[in-house]
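**Q** I'd like to ask some things about the structure below.
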Amino acid sequence: VGWHLLRGSRFADEEGFTREFAVEDIAPRQKGALVAVYQQPGINQNELAAFLFMDRNTVAEMVSRLAARALVKRMPAANDKRAYRLYLAPEGARLLDRVILRDG
């Protein structure tokens, strides 16, 4: 029963976040990704997936959306042309600043 309550609480928290930041058009997991990329410039997508406890394919799709919105930059890794290194783009930094200031 405890697990069910915890899971329900998490969904309620995510729903509240989504409502609060609807104007910013950012989901909680996207915020987490931006924070991780800010804290670890050059992180690769697999490392980001592990950091966020998310599936690699889901993270790859999320990163594609964030890159399309010019929130992150994907740069080919020097040692593996199939891999990308991620960096926070200027617009991503501005968005993160607005969200962090309001999120506390």
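Every chain in the structure tokens takes a letter, A first, then B, and so on in the order presented; its residues are numbered from 1, and the ligands are numbered from 1 following the presented order.
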Among segment 44-92 of chain A, which residues carry a DSSP assignment of strand (DSSP E), reported as a list in words?
**A**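 Taking segment 44-92 of chain A and keeping strand (DSSP E) gives Asn44, Val72, Lys73, Arg74, Met75, Pro76, Tyr84, Arg85, Leu86, Tyr87 and Leu88 of chain A.
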**Q** For segment 53-65 of chain A, find every residue with an atom within 12 Å (counting only C-alpha atoms), except residues of its own chain fewer than 2 positions away, and show them as an MDAnalysis selection string.
**A** chainID A and resid 25:34 36:37 43:51 67:75 83:88 92
**Q** For the atom pair atom CA of Leu66 of chain A and atom CA of Val35 of chain A, what is the interatomic distance in Å to one decimal place?
**A**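 The value is 12.6 Å.
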